[in-house]
$ cat structure_17.cif   # mmCIF, C-alpha atoms and all ligand atoms
data_query
#
loop_
_atom_site.label_atom_id
_atom_site.label_comp_id
_atom_site.auth_asym_id
_atom_site.auth_seq_id
_atom_site.Cartn_x
_atom_site.Cartn_y
_atom_site.Cartn_z
CA MET C 112 0.00 0.00 0.00
CA VAL C 113 1.46 3.33 -1.05
CA SER C 114 0.49 6.09 1.33
CA SER C 115 1.27 9.72 1.79
CA PHE C 116 -0.28 9.96 5.27
CA ARG C 117 2.04 9.88 8.29
CA ALA C 118 -0.25 9.05 11.21
CA HIS C 119 0.53 8.44 14.86
CA LEU C 120 -1.33 8.41 18.16
CA VAL C 121 0.17 11.23 20.20
CA ASN C 122 -0.13 9.59 23.63
CA ASP C 123 0.12 6.16 25.20
CA LEU C 124 -2.84 3.80 25.61
CA PHE C 125 -4.16 5.70 28.62
CA GLY C 126 -3.49 9.27 27.50
CA ASP C 127 -6.14 11.75 26.40
CA PRO C 128 -6.82 10.98 22.73
CA ALA C 129 -5.21 12.71 19.75
CA LEU C 130 -4.29 11.20 16.37
CA TYR C 131 -1.83 13.33 14.40
CA VAL C 132 -1.79 12.88 10.62
CA ALA C 133 0.90 14.70 8.68
CA LEU C 134 0.28 15.50 5.01
CA PRO C 135 3.91 15.80 3.91
CA TRP C 136 3.14 17.02 0.40
CA GLU C 137 2.04 20.40 1.76
CA ARG C 138 3.73 20.72 5.18
CA ARG C 139 0.34 20.47 6.81
CA ALA C 140 -1.32 18.18 9.36
CA LEU C 141 -4.75 17.08 10.53
CA LEU C 142 -5.63 16.18 14.11
CA PHE C 143 -8.35 13.81 15.25
CA ASP C 144 -9.42 14.84 18.76
CA LEU C 145 -7.78 17.56 20.78
CA GLY C 146 -6.82 15.64 23.91
CA ASP C 147 -3.41 16.13 25.49
CA VAL C 148 -1.15 17.56 22.74
CA SER C 149 1.67 18.73 25.00
CA ARG C 150 3.97 16.04 23.59
CA LEU C 151 3.76 17.53 20.11
CA SER C 152 6.50 20.00 19.24
CA ALA C 153 5.56 23.58 18.34
CA GLY C 154 6.68 22.80 14.78
CA ARG C 155 4.15 19.98 14.53
CA LEU C 156 1.38 21.97 16.18
CA LEU C 157 1.94 24.85 13.77
CA LYS C 158 1.25 22.53 10.81
CA ILE C 159 -2.26 21.66 12.01
CA SER C 160 -4.94 23.18 9.79
CA ASP C 161 -8.02 21.13 10.71
CA ILE C 162 -9.05 19.41 13.92
CA PHE C 163 -11.82 16.84 13.93
CA VAL C 164 -13.25 16.78 17.43
CA SER C 165 -15.30 13.66 18.18
CA HIS C 166 -17.10 15.37 21.08
CA ALA C 167 -16.33 17.88 23.78
CA HIS C 168 -15.79 15.68 26.83
CA VAL C 169 -12.80 17.11 28.67
CA ASP C 170 -10.40 14.30 27.71
CA HIS C 171 -11.01 15.01 23.99
CA PHE C 172 -10.73 18.80 24.14
CA ILE C 173 -8.33 19.57 26.98
CA GLY C 174 -5.58 20.46 24.49
CA PHE C 175 -7.34 23.55 23.16
CA ASP C 176 -5.58 26.04 25.44
CA HIS C 177 -2.12 24.56 24.81
CA LEU C 178 -2.67 24.69 21.06
CA LEU C 179 -4.06 28.23 21.21
CA ARG C 180 -0.97 29.41 23.09
CA VAL C 181 1.30 28.02 20.35
CA LEU C 182 -0.80 29.18 17.39
CA LEU C 183 -1.52 32.70 18.57
CA GLY C 184 1.11 34.33 16.38
CA ARG C 185 0.36 32.23 13.36
CA PRO C 186 -0.88 33.95 10.22
CA ASN C 187 -3.18 31.19 8.95
CA GLY C 188 -6.49 29.95 10.20
CA LEU C 189 -7.48 26.93 12.22
CA ARG C 190 -10.66 24.97 11.57
CA LEU C 191 -12.47 22.80 14.12
CA LEU C 192 -15.16 20.35 13.02
CA SER C 193 -17.37 18.72 15.63
CA PRO C 194 -20.87 17.71 16.72
CA PRO C 195 -23.27 20.45 17.89
CA GLY C 196 -22.16 22.50 20.88
CA LEU C 197 -18.51 23.22 20.13
CA ILE C 198 -19.14 26.84 19.13
CA ASP C 199 -20.35 27.54 22.67
CA HIS C 200 -17.44 25.60 24.17
CA VAL C 201 -14.85 27.50 22.11
CA GLU C 202 -16.52 30.80 22.92
CA GLY C 203 -16.44 29.92 26.61
CA LYS C 204 -12.76 29.04 26.49
CA LEU C 205 -11.80 32.18 24.58
CA ARG C 206 -13.76 34.36 27.00
CA GLY C 207 -11.59 33.02 29.78
CA TYR C 208 -8.74 35.35 28.79
CA ALA C 209 -8.17 39.08 28.18
CA TRP C 210 -7.35 39.97 24.56
CA ASN C 211 -6.43 43.65 24.61
CA LEU C 212 -2.78 43.49 23.43
CA VAL C 213 -2.99 41.11 20.51
CA ASP C 214 -3.85 43.42 17.60
CA GLN C 215 -0.73 42.32 15.73
CA TYR C 216 -1.86 38.70 15.66
CA SER C 217 -4.11 37.47 12.89
CA LEU C 218 -5.14 33.99 14.06
CA SER C 219 -8.68 33.12 13.05
CA ILE C 220 -10.54 30.06 14.33
CA GLU C 221 -13.47 28.66 12.42
CA VAL C 222 -15.78 26.18 14.11
CA ARG C 223 -18.14 24.01 12.08
CA GLU C 224 -20.83 22.12 13.96
CA VAL C 225 -22.29 19.10 12.22
CA PHE C 226 -26.02 18.38 12.52
CA PRO C 227 -27.70 15.42 10.76
CA ASP C 228 -28.45 17.46 7.62
CA HIS C 229 -26.66 20.78 7.93
CA VAL C 230 -23.55 22.53 9.21
CA ARG C 231 -23.49 25.65 11.34
CA THR C 232 -20.37 27.84 11.33
CA ALA C 233 -18.95 30.55 13.57
CA ARG C 234 -15.63 32.39 13.49
CA PHE C 235 -13.45 33.87 16.19
CA SER C 236 -10.65 36.13 15.02
CA CYS C 237 -7.87 37.54 17.14
CA PRO C 238 -7.98 41.10 15.69
CA HIS C 239 -11.60 41.23 16.86
CA GLY C 240 -10.72 40.05 20.34
CA PHE C 241 -11.97 36.54 19.46
CA ARG C 242 -15.57 37.78 19.55
CA ARG C 243 -17.98 35.21 18.18
CA GLU C 244 -19.14 35.89 14.63
CA ASP C 245 -21.93 33.55 13.52
CA VAL C 246 -21.98 32.84 9.79
CA PRO C 247 -25.56 33.40 8.65
CA GLY C 248 -27.48 30.45 7.20
CA HIS C 249 -26.73 26.74 7.23
CA ALA C 250 -24.77 24.72 4.69
CA PRO C 251 -26.32 21.37 3.69
CA PHE C 252 -24.52 18.30 5.04
CA ASP C 253 -24.42 14.72 3.70
CA GLY C 254 -21.61 13.20 5.77
CA MET C 255 -18.69 14.76 3.88
CA LEU C 256 -16.72 17.02 6.24
CA LEU C 257 -13.84 18.01 4.03
CA GLN C 258 -13.09 17.20 0.41
CA GLU C 259 -9.85 18.18 -1.28
CA SER C 260 -8.05 16.90 -4.36
CA GLN C 261 -5.76 14.55 -2.40
CA PHE C 262 -8.03 13.37 0.41
CA GLN C 263 -11.46 13.55 2.00
CA VAL C 264 -12.85 13.20 5.52
CA ARG C 265 -16.30 11.72 6.14
CA CYS C 266 -18.06 11.16 9.44
CA VAL C 267 -20.98 9.41 11.07
CA MET C 268 -22.67 10.38 14.31
CA LEU C 269 -22.57 7.84 17.12
CA ASP C 270 -24.45 7.54 20.39
CA HIS C 271 -22.26 8.28 23.44
CA ARG C 272 -25.23 9.59 25.38
CA ILE C 273 -24.28 12.77 23.56
CA PRO C 274 -23.58 12.85 19.81
CA CYS C 275 -20.02 11.73 19.06
CA LEU C 276 -18.44 11.74 15.60
CA ALA C 277 -16.44 8.88 14.08
CA PHE C 278 -14.21 9.81 11.15
CA ALA C 279 -12.81 8.24 7.96
CA LEU C 280 -9.83 9.90 6.31
CA GLU C 281 -9.51 8.64 2.74
CA GLU C 282 -6.65 9.39 0.44
CA SER C 283 -7.40 9.88 -3.24
CA ALA C 284 -6.04 7.21 -5.57
CA HIS C 285 -2.35 7.48 -6.42
CA LEU C 286 -1.79 8.33 -10.06
CA ASN C 287 1.58 7.17 -11.38
CA ILE C 288 2.80 8.00 -14.84
CA ASP C 289 4.13 5.14 -16.96
CA LYS C 290 7.28 6.82 -18.36
CA VAL C 291 8.01 4.01 -20.82
CA ARG C 292 4.55 4.29 -22.33
CA LEU C 293 4.87 8.06 -22.38
CA GLU C 294 8.07 7.82 -24.38
CA ALA C 295 6.58 5.25 -26.76
CA LEU C 296 3.79 7.70 -27.55
CA GLY C 297 6.33 10.47 -28.13
CA LEU C 298 4.95 12.57 -25.28
CA PRO C 299 7.26 14.68 -23.11
CA VAL C 300 7.25 14.92 -19.32
CA GLY C 301 6.19 18.36 -18.13
CA PRO C 302 3.68 20.43 -16.18
CA TRP C 303 0.83 19.06 -18.32
CA LEU C 304 1.07 15.82 -16.32
CA MET C 305 -0.06 17.76 -13.24
CA ASP C 306 -3.00 19.12 -15.27
CA LEU C 307 -3.82 15.54 -16.21
CA LYS C 308 -3.68 14.31 -12.59
CA ARG C 309 -5.83 17.23 -11.44
CA ALA C 310 -8.39 16.47 -14.16
CA ILE C 311 -8.57 12.79 -13.13
CA HIS C 312 -8.83 13.60 -9.40
CA ALA C 313 -11.59 16.10 -10.19
CA GLY C 314 -13.47 13.44 -12.20
CA LEU C 315 -13.58 15.49 -15.40
CA PRO C 316 -15.23 13.69 -18.35
CA ASP C 317 -13.16 11.48 -20.66
CA ASP C 318 -13.48 13.92 -23.56
CA HIS C 319 -12.06 16.82 -21.53
CA SER C 320 -9.01 18.02 -23.44
CA ILE C 321 -5.48 18.30 -21.98
CA ARG C 322 -2.99 20.58 -23.72
CA VAL C 323 0.45 19.06 -24.16
CA ALA C 324 3.10 21.56 -25.29
CA TRP C 325 6.84 21.11 -25.75
CA SER C 326 9.82 22.29 -27.77
CA ARG C 327 11.72 20.05 -30.18
CA ASP C 328 14.68 21.19 -32.28
CA GLY C 329 13.75 24.78 -31.51
CA GLN C 330 10.20 24.18 -32.75
CA ARG C 331 7.26 24.65 -30.43
CA GLU C 332 4.78 21.79 -30.65
CA GLU C 333 1.36 21.47 -29.14
CA ARG C 334 -1.31 18.80 -29.09
CA HIS C 335 -4.56 18.23 -27.32
CA TRP C 336 -5.42 14.80 -25.91
CA PRO C 337 -8.64 13.60 -24.28
CA VAL C 338 -8.30 12.79 -20.56
CA GLY C 339 -9.83 9.33 -21.10
CA THR C 340 -7.18 8.34 -23.65
CA LEU C 341 -4.30 9.61 -21.53
CA ARG C 342 -5.66 7.90 -18.42
CA SER C 343 -5.81 4.50 -20.06
CA GLU C 344 -2.54 4.92 -21.96
CA VAL C 345 -0.09 6.47 -19.52
CA VAL C 346 -1.60 6.48 -16.00
CA ARG C 347 -1.35 3.60 -13.54
CA ILE C 348 -3.84 3.99 -10.68
CA SER C 349 -3.32 2.50 -7.19
CA PRO C 350 -5.75 3.00 -4.30
CA GLY C 351 -4.96 5.49 -1.52
CA GLN C 352 -4.99 4.77 2.18
CA LYS C 353 -8.04 4.82 4.44
CA LEU C 354 -7.78 5.55 8.17
CA VAL C 355 -10.75 5.44 10.50
CA TYR C 356 -10.95 6.91 13.97
CA ILE C 357 -13.65 5.63 16.32
CA THR C 358 -13.98 6.53 19.95
CA ASP C 359 -16.48 6.86 22.79
CA ALA C 360 -19.49 4.91 21.57
CA VAL C 361 -21.78 2.43 23.23
CA ASP C 362 -22.07 -1.02 21.64
CA SER C 363 -25.52 -0.86 20.01
CA PRO C 364 -26.99 -2.10 16.71
CA ASP C 365 -27.30 1.47 15.49
CA ASN C 366 -23.72 2.40 16.35
CA ARG C 367 -22.39 -0.82 14.78
CA ARG C 368 -24.32 -0.17 11.59
CA ARG C 369 -23.05 3.40 11.36
CA ILE C 370 -19.45 2.45 12.12
CA LEU C 371 -19.46 -0.26 9.45
CA SER C 372 -21.00 2.10 6.89
CA LEU C 373 -18.00 4.38 7.43
CA ALA C 374 -15.14 2.00 8.06
CA ARG C 375 -15.34 -0.74 5.40
CA ARG C 376 -11.90 -1.94 4.32
CA ALA C 377 -9.98 0.56 6.40
CA ASP C 378 -6.22 0.20 6.20
CA VAL C 379 -5.97 1.21 9.84
CA PHE C 380 -8.93 1.00 12.21
CA TYR C 381 -8.11 3.18 15.24
CA CYS C 382 -10.64 2.34 17.93
CA GLU C 383 -11.10 2.95 21.61
CA ALA C 384 -11.06 -0.20 23.72
CA GLY C 385 -11.82 1.40 27.04
CA TYR C 386 -12.82 -1.60 29.14
CA PRO C 387 -12.00 -5.32 29.38
CA GLU C 388 -14.72 -7.72 28.37
CA ARG C 389 -15.31 -8.73 32.00
CA ASP C 390 -16.47 -5.15 32.68
CA MET C 391 -18.92 -5.03 29.78
CA GLU C 392 -21.69 -3.67 31.99
CA ARG C 393 -19.47 -0.86 33.23
CA ALA C 394 -18.57 -0.04 29.61
CA ARG C 395 -22.22 -0.02 28.60
CA SER C 396 -23.23 2.27 31.48
CA ARG C 397 -20.51 4.73 30.45
CA TYR C 398 -21.36 4.47 26.74
CA HIS C 399 -17.94 3.01 25.81
CA LEU C 400 -16.71 -0.06 23.93
CA THR C 401 -14.93 -3.06 25.38
CA THR C 402 -11.79 -4.65 23.97
CA VAL C 403 -13.72 -7.51 22.37
CA GLN C 404 -16.43 -5.26 20.93
CA ALA C 405 -13.73 -3.07 19.36
CA GLY C 406 -11.86 -6.09 17.92
CA ARG C 407 -15.02 -7.56 16.43
CA LEU C 408 -15.94 -4.23 14.86
CA ALA C 409 -12.50 -3.99 13.25
CA ALA C 410 -12.87 -7.52 11.88
CA ALA C 411 -16.40 -6.87 10.60
CA ALA C 412 -15.10 -3.77 8.82
CA GLU C 413 -12.45 -6.01 7.17
CA ALA C 414 -9.75 -3.71 8.47
CA ARG C 415 -6.19 -4.52 7.47
CA ARG C 416 -4.78 -3.28 10.76
CA PHE C 417 -6.38 -2.61 14.13
CA ALA C 418 -4.93 -0.13 16.64
CA VAL C 419 -6.43 0.46 20.07
CA PHE C 420 -6.26 3.60 22.20
CA HIS C 421 -8.13 5.41 25.01
CA LEU C 422 -8.05 2.61 27.57
CA SER C 423 -9.58 3.62 30.88
CA PRO C 424 -6.78 4.67 33.30
CA LYS C 425 -8.42 2.38 35.84
CA TYR C 426 -6.70 -0.51 34.01
CA ARG C 427 -3.25 1.06 33.92
CA ASP C 428 -1.70 -1.97 35.59
CA CYS C 429 -3.05 -4.40 32.98
CA GLY C 430 -2.86 -2.45 29.71
CA ALA C 431 -0.96 -5.17 27.85
CA ALA C 432 -3.64 -7.73 28.75
CA LEU C 433 -6.38 -5.45 27.42
CA VAL C 434 -4.52 -4.93 24.16
CA SER C 435 -4.03 -8.71 23.84
CA GLU C 436 -7.74 -9.29 24.49
CA ALA C 437 -8.70 -6.79 21.78
CA MET C 438 -6.22 -8.20 19.26
CA ALA C 439 -7.30 -11.78 19.96
CA ALA C 440 -10.96 -10.81 19.37
CA PHE C 441 -9.92 -9.14 16.08
CA SER C 442 -7.96 -12.19 14.88
CA GLU C 443 -10.60 -14.70 15.93
CA ALA C 444 -13.49 -12.79 14.38
CA ARG C 445 -11.48 -12.22 11.23
CA SER C 446 -10.61 -15.87 10.76
CA ALA C 447 -14.18 -16.93 11.63
CA GLY C 448 -15.64 -14.30 9.32
CA HIS C 449 -18.03 -13.23 12.06
CA SER C 450 -19.97 -10.04 12.08
CA PRO C 451 -19.83 -8.18 15.43
ZN ZN I 501 -16.63 10.82 26.00
ZN ZN I 502 -13.27 9.75 26.08
#
$ encode --input "structure_17.cif" --output "structure tokens"
Amino acid sequence: MVSSFRAHLVNDLFGDPALYVALPWERRALLFDLGDVSRLSAGRLLKISDIFVSHAHVDHFIGFDHLLRVLLGRPNGLRLLSPPGLIDHVEGKLRGYAWNLVDQYSLSIEVREVFPDHVRTARFSCPHGFRREDVPGHAPFDGMLLQESQFQVRCVMLDHRIPCLAFALEESAHLNIDKVRLEALGLPVGPWLMDLKRAIHAGLPDDHSIRVAWSRDGQREERHWPVGTLRSEVVRISPGQKLVYITDAVDSPDNRRRILSLARRADVFYCEAGYPERDMERARSRYHLTTVQAGRLAAAAEARRFAVFHLSPKYRDCGAALVSEAMAAFSEARSAGHSP
């Protein structure tokens, strides 16, 4: 599997959740949950453009102040995407400080709250003292949180006694140019190949024309080729990577159905495994998953790899056993072909 994502869980099994995903092609990063981020260097924090917050329980949002302190002088914006309620939470946090000597800073924070069929947005910008500015109207929402040429992020809403988002980060297909074939057709390498890749990523029709221009023996040559022909002749397509991030959800038929609709064939299935199977009732009463429930979900999703996080600190002395229990459930369910 070729992948451009560089993903890692910021903390150990018991730490407050945060999954850092670097996008090396543009010196940028995404963050899934804003738990404890004090282990991330300022350089890494400064690359974060978008934070996908599953919900605003303190262990998933405690890192906001630390991040704000580091980003304050940064020229670009920060976007937070979350279930309903985060605009109020961000406003409350920002109101906790005085902002009278920060006119030279330009940091702007945009918060998008996801409802079942629409998105509500508000902005807080430093030059305006981080006063809340509600964006009028609602944008329609169909599960797609962010869609760019190289990746997309989708979500589903889970029941954690409050709405909690689970996320899928999907890389666009890798487009590799077959140089031998290119040469056989007498086509040069050049910037037009980027135009071609952009056209394919954007799903432009096969008859869309790509201009190929080059110089030969001092003569300028130019031809137009249809995207469809070039794609089949010189482009080799390999699938991109899919990461899913699932946390803080009760084991219920509805949650299982929603998780599987999001997570099918994930390359890495990051999932909370808060409680051992023997404490299933405790997990249920706290709207969390057990090790075995998480492992079976990963197997049912046909995940290639399963990674657990967010174990309850109560089990700090037996973390390895909980991980083994989760992994055994994953392996067993996968070889038995069981659904969860
Ligand atoms: Zn929670
Ligand atoms: Zn939690």
$ residues_around --input "structure_17.cif" --residues "C:Val169" --least-positions-apart "3" --cutoff "8 Å" --atoms "all atoms listed in the file" --output "mmCIF file with C-alpha atoms, in the coordinates of the input"
data_model
loop_
_atom_site.group_PDB
_atom_site.id
_atom_site.type_symbol
_atom_site.label_atom_id
_atom_site.label_comp_id
_atom_site.auth_asym_id
_atom_site.auth_seq_id
_atom_site.Cartn_x
_atom_site.Cartn_y
_atom_site.Cartn_z
ATOM 1 C CA GLY C 146 -6.820 15.640 23.910
ATOM 2 C CA PHE C 172 -10.730 18.800 24.140
ATOM 3 C CA ILE C 173 -8.330 19.570 26.980
#
$ atom_distance --input "structure_17.cif" --atom1 "atom CA of C:His166" --atom2 "atom CA of C:Cys237"
24.3 Å
$ residues_near_ligand --input "structure_17.cif" --ligand "ligand ZN 501 (chain I)" --cutoff "8 Å" --atoms "only C-alpha atoms and all ligand atoms" --output "JSON, numbers by chain"
{"C": [166, 167, 168, 169, 170, 171, 271, 275, 358, 359, 360, 398, 399]}
$ closest_residue --input "structure_17.cif" --among "C:Leu298, C:Leu422, C:Val379, C:Leu304" --to "ligand ZN 502 (chain I)" --atoms "all atoms listed in the file"
C:Leu422
$ closest_residue --input "structure_17.cif" --among "C:Ala313, C:Met268, C:Val346, C:Val361" --to "C:Asp228" --atoms "only C-alpha atoms"
C:Met268
$ closest_residue --input "structure_17.cif" --among "C:Tyr386, C:Phe380, C:Trp336, C:Tyr131" --to "ligand ZN 502 (chain I)" --atoms "all atoms listed in the file"
C:Tyr386
$ residues_around --input "structure_17.cif" --residues "C:Met255" --least-positions-apart "4" --cutoff "8 Å" --atoms "all atoms listed in the file" --output "list in words"
Gln263, Val264, Arg265 and Cys266 of chain C
$ write_last_selection --input "structure_17.cif" --atoms "C-alpha atoms" --output "PDB file, in the coordinates of the input"
ATOM      1  CA  GLN C 263     -11.460  13.550   2.000  1.00  0.00           C
ATOM      2  CA  VAL C 264     -12.850  13.200   5.520  1.00  0.00           C
ATOM      3  CA  ARG C 265     -16.300  11.720   6.140  1.00  0.00           C
ATOM      4  CA  CYS C 266     -18.060  11.160   9.440  1.00  0.00           C
TER       5      CYS C 266
END
$ residues_near_point --input "structure_17.cif" --point "(-10.8, -4.4, 8.5)" --cutoff "10 Å" --atoms "all atoms listed in the file" --output "PDB file with C-alpha atoms, in the coordinates of the input"
ATOM      1  CA  LEU C 371     -19.460  -0.260   9.450  1.00  0.00           C
ATOM      2  CA  ALA C 374     -15.140   2.000   8.060  1.00  0.00           C
ATOM      3  CA  ARG C 375     -15.340  -0.740   5.400  1.00  0.00           C
ATOM      4  CA  ARG C 376     -11.900  -1.940   4.320  1.00  0.00           C
ATOM      5  CA  ALA C 377      -9.980   0.560   6.400  1.00  0.00           C
ATOM      6  CA  ASP C 378      -6.220   0.200   6.200  1.00  0.00           C
ATOM      7  CA  VAL C 379      -5.970   1.210   9.840  1.00  0.00           C
ATOM      8  CA  PHE C 380      -8.930   1.000  12.210  1.00  0.00           C
ATOM      9  CA  GLY C 406     -11.860  -6.090  17.920  1.00  0.00           C
ATOM     10  CA  ARG C 407     -15.020  -7.560  16.430  1.00  0.00           C
ATOM     11  CA  LEU C 408     -15.940  -4.230  14.860  1.00  0.00           C
ATOM     12  CA  ALA C 409     -12.500  -3.990  13.250  1.00  0.00           C
ATOM     13  CA  ALA C 410     -12.870  -7.520  11.880  1.00  0.00           C
ATOM     14  CA  ALA C 411     -16.400  -6.870  10.600  1.00  0.00           C
ATOM     15  CA  ALA C 412     -15.100  -3.770   8.820  1.00  0.00           C
ATOM     16  CA  GLU C 413     -12.450  -6.010   7.170  1.00  0.00           C
ATOM     17  CA  ALA C 414      -9.750  -3.710   8.470  1.00  0.00           C
ATOM     18  CA  ARG C 415      -6.190  -4.520   7.470  1.00  0.00           C
ATOM     19  CA  ARG C 416      -4.780  -3.280  10.760  1.00  0.00           C
ATOM     20  CA  PHE C 417      -6.380  -2.610  14.130  1.00  0.00           C
ATOM     21  CA  PHE C 441      -9.920  -9.140  16.080  1.00  0.00           C
ATOM     22  CA  ARG C 445     -11.480 -12.220  11.230  1.00  0.00           C
TER      23      ARG C 445
END
$ closest_residue --input "structure_17.cif" --among "C:Val355, C:Ala444, C:Ala394, C:Leu182" --to "C:Val419" --atoms "only C-alpha atoms"
C:Val355
$ closest_residue --input "structure_17.cif" --among "C:Gly240, C:Phe262, C:Leu433, C:Ser283" --to "C:Ile348" --atoms "only C-alpha atoms"
C:Ser283
$ atom_distance --input "structure_17.cif" --atom1 "atom CA of C:Ser160" --atom2 "atom CA of C:Ala384"
27.9 Å
$ closest_residue --input "structure_17.cif" --among "C:Gly448, C:Gly203, C:Gly385, C:Pro251" --to "ligand ZN 502 (chain I)" --atoms "only C-alpha atoms and all ligand atoms"
C:Gly385
$ atom_distance --input "structure_17.cif" --atom1 "atom CA of C:Phe175" --atom2 "atom CA of C:Phe226"
22.1 Å
$ residues_near_point --input "structure_17.cif" --point "(-15.7, 40.0, 18.4)" --cutoff "12 Å" --atoms "all atoms listed in the file" --output "number ranges by chain"
C: 202, 205-206, 210-211, 219-220, 233-245
$ residues_around --input "structure_17.cif" --residues "stretch 292-295 of chain C" --least-positions-apart "4" --cutoff "8 Å" --atoms "all atoms listed in the file" --output "number ranges by chain"
C: 288, 299-300, 344-345
